[in-house]
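K.L.:
I have a structure here, written as structure tokens, and I will follow up with some questions on it.
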Amino acid sequence: MSQTIAAIATPPGQGGIAVVRISGPEAHAVAARVFQPVGNRKLETAKGYTAMFGHFVWQGRVQDELVALSFRAPRSYTGEDVVELSCHGGEAAPRLLLQAVVESGAAPAGPGEFTRRAFENGRISLTQAEAVMDLIGATGRQSAAVAAAALEGALAKRIQGLRDQLTALAGHLAAWVDFPEEDVPALEQQALESTLTGCMAQLDAMIQSYGAGAVLRRGVDTAIVGSPNVGKSTLLNLLAGFERAIVTPIAGTTRDVVEQQVQLGQVRLNLFDTAGLRQTGDLVEAEGIRRSYAQMDKAGLVLAVFDASRPTDPADIELARKCAGRPALAILNKTDLDRAFDAEAIRPCFADLVEISAREDRFLPVLASAIEKLLGVAAIDPDAGLLASQRQLEAAVSARTALQDALAARQQGFDLDAVGVCIDDALHALYRLTGEEASAAVVDEVFSKFCVGK
Ligand code: GDP
């Protein structure tokens, strides 16, 4: 831990500035070997939260202009001494600066190593570390808000609240069981049960909102399905904003699964344009249809397109039936033409039905809000503290199961010892969730997903 590390903290590519971040006990000494401040200031003795202008001097030459930001332990991102050197952006300047810093005594940082140090120095919890990664990856305003709230500790606080209640309960139970002679007041059956059910309800809410939160973070795999010529490719192009799929008036032109990621409102759709869902003798097209049904099975969102200008036919009814019980939105397209379609025949199979013309982009907001509502992201409160990873979800589920066991043990008349053991299990699961009891392997796994420089 005592090693001083360095990495480029900004993404590669052309940009105004880039930042090389150095963290560790030698941060200032290392930086001073490559940075010459103007005037007679000295970086080695700089206080925290100060900035200095100067030059990157290396191999006897001025290589660039620099601004050095100084942070002193423990008031820095990592909790250690930190220097951030801002140089000009692009490929060459930051790389040369990093090379000079490494040759001056810093070790190249591994992926997520700065954030890992922040975690290991107690600056942030594991859930906050995971939030850092989510914030970097956020594509929509709401996903950024959720990640920012997690970074501020919304989830950690919510878990802490649960732990406080359960710890008090466990303490009371232990006192009562272990020191019967001490006159500890008996725990009311009802009080015990209401604390357990209250904590379970909170965990349930968190577990239920996981899916919507995951949609915000990672987007949703979306299948566009419908009979040939209803306007699926036109819809894809509308969503993508350019001609991604070939649109033709000849049935069956989209034979392969075409993929495209688009940001629609708060949700990123990972779109699969699919072959027309029609019975066919054509082998290539049959393969396309088989694939599009497979996409529908994997999809977290199905956009089922119908042609409003055509009478409802058996294929439409079959598709609607296939959509029942799925996260599927019925899209009645071509509403700019005369209406022949009976929407009521398919409506009961869908959570919602929207009427659009895929040729007009004024329908994008209509689609966006219907999709946000369908996936539950519209109802997300960023400050409620959302579970942000499969790891967190599993810990929350085990805590909930343990509380269920505690309640069952009590209701079946087992002694309080057994109840106490279950509550302890729940507490351990919650400690795992926030990382206070996470194994080294779990911590490695979390940070392995980070980028270098964060
Ligand atoms: P797909 O086979 O389902 O992918 O259908 P396409 O997207 O290729 O569209 C078939 C035909 O319908 C094309 O000629 C489109 O221009 C046309 N079309 C698509 N959407 C609309 C719409 O909203 N209104 C009208 N009038 N025509 C549309």
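Here, A, B, ... name the chains of the structure tokens in the order displayed, residue numbers run from 1 inside each chain, and ligands are numbered from 1 in the same displayed order.
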Looking only at the backbone, which of the residues in region 313-422 of chain A does DSSP tag as strand (DSSP E), as a PyMOL selection string?
P.N.:
chain A and resi 328-333+352-355
K.L.:
Please provide as a ChimeraX atom specification all residues within 12 Å of Arg410 (chain A), with the sequence filter that same-chain residues fewer than 2 positions apart are discarded (counting only C-alpha atoms).
P.N.:
/A:173,187-194,196,403-408,412-423
K.L.:
Quick one: residues within 8 Å of Ala304 (chain A), only C-alpha atoms, excluding same-chain residues fewer than 4 positions away - as a VMD selection string?
P.N.:
chain A and resid 224 to 226 319 to 320 323 328 to 331
K.L.:
For the selection just defined, write its residues with C-alpha atoms to a file, as a PDB file, in the first residue's frame.
P.N.:
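Printed below is out_26.pdb as written:
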```pdb
ATOM      1  CA  ILE A 224     -38.438  -4.978 -32.701  1.00  0.00           C
ATOM      2  CA  VAL A 225     -40.938  -7.536 -33.987  1.00  0.00           C
ATOM      3  CA  GLY A 226     -43.893  -7.536 -36.346  1.00  0.00           C
ATOM      4  CA  LEU A 319     -47.806 -12.073 -32.338  1.00  0.00           C
ATOM      5  CA  ALA A 320     -49.907 -10.293 -29.720  1.00  0.00           C
ATOM      6  CA  CYS A 323     -46.203 -10.873 -26.333  1.00  0.00           C
ATOM      7  CA  ALA A 328     -43.887  -5.633 -24.506  1.00  0.00           C
ATOM      8  CA  LEU A 329     -45.159  -2.382 -25.990  1.00  0.00           C
ATOM      9  CA  ALA A 330     -47.650  -2.447 -28.878  1.00  0.00           C
ATOM     10  CA  ILE A 331     -46.768   0.133 -31.512  1.00  0.00           C
TER      11      ILE A 331
END
```
K.L.:
Applying 9 Å and only C-alpha atoms, which residues near Ser448 (chain A) remain after dropping the ones on its own chain fewer than 5 positions away? List them as a PyMOL selection string.
P.N.:
chain A and resi 110-112+443
K.L.:
Just to be explicit: take each residue in the selection above, keep all heavy atoms, and write the result as an mmCIF file, in the first residue's frame.
P.N.:
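So the final result, stored in part_32.cif, reads:
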```
data_model
loop_
_atom_site.group_PDB
_atom_site.id
_atom_site.type_symbol
_atom_site.label_atom_id
_atom_site.label_comp_id
_atom_site.auth_asym_id
_atom_site.auth_seq_id
_atom_site.Cartn_x
_atom_site.Cartn_y
_atom_site.Cartn_z
ATOM 1 N N GLY A 110 -2.847 0.023 -11.542
ATOM 2 C CA GLY A 110 -3.691 -0.985 -12.187
ATOM 3 C C GLY A 110 -5.107 -0.457 -12.341
ATOM 4 O O GLY A 110 -5.429 0.625 -11.837
ATOM 5 N N PRO A 111 -5.975 -1.215 -13.025
ATOM 6 C CA PRO A 111 -7.368 -0.767 -13.183
ATOM 7 C C PRO A 111 -8.034 -0.537 -11.822
ATOM 8 O O PRO A 111 -7.937 -1.383 -10.938
ATOM 9 C CB PRO A 111 -8.039 -1.939 -13.910
ATOM 10 C CG PRO A 111 -6.925 -2.709 -14.527
ATOM 11 C CD PRO A 111 -5.723 -2.503 -13.662
ATOM 12 N N GLY A 112 -8.663 0.626 -11.672
ATOM 13 C CA GLY A 112 -9.414 0.915 -10.441
ATOM 14 C C GLY A 112 -8.572 1.062 -9.193
ATOM 15 O O GLY A 112 -9.089 1.112 -8.087
ATOM 16 N N VAL A 443 -13.709 -8.225 -3.554
ATOM 17 C CA VAL A 443 -13.160 -6.882 -3.779
ATOM 18 C C VAL A 443 -12.357 -6.868 -5.090
ATOM 19 O O VAL A 443 -12.491 -5.963 -5.911
ATOM 20 C CB VAL A 443 -12.287 -6.448 -2.581
ATOM 21 C CG1 VAL A 443 -11.588 -5.129 -2.885
ATOM 22 C CG2 VAL A 443 -13.155 -6.312 -1.336
#
```
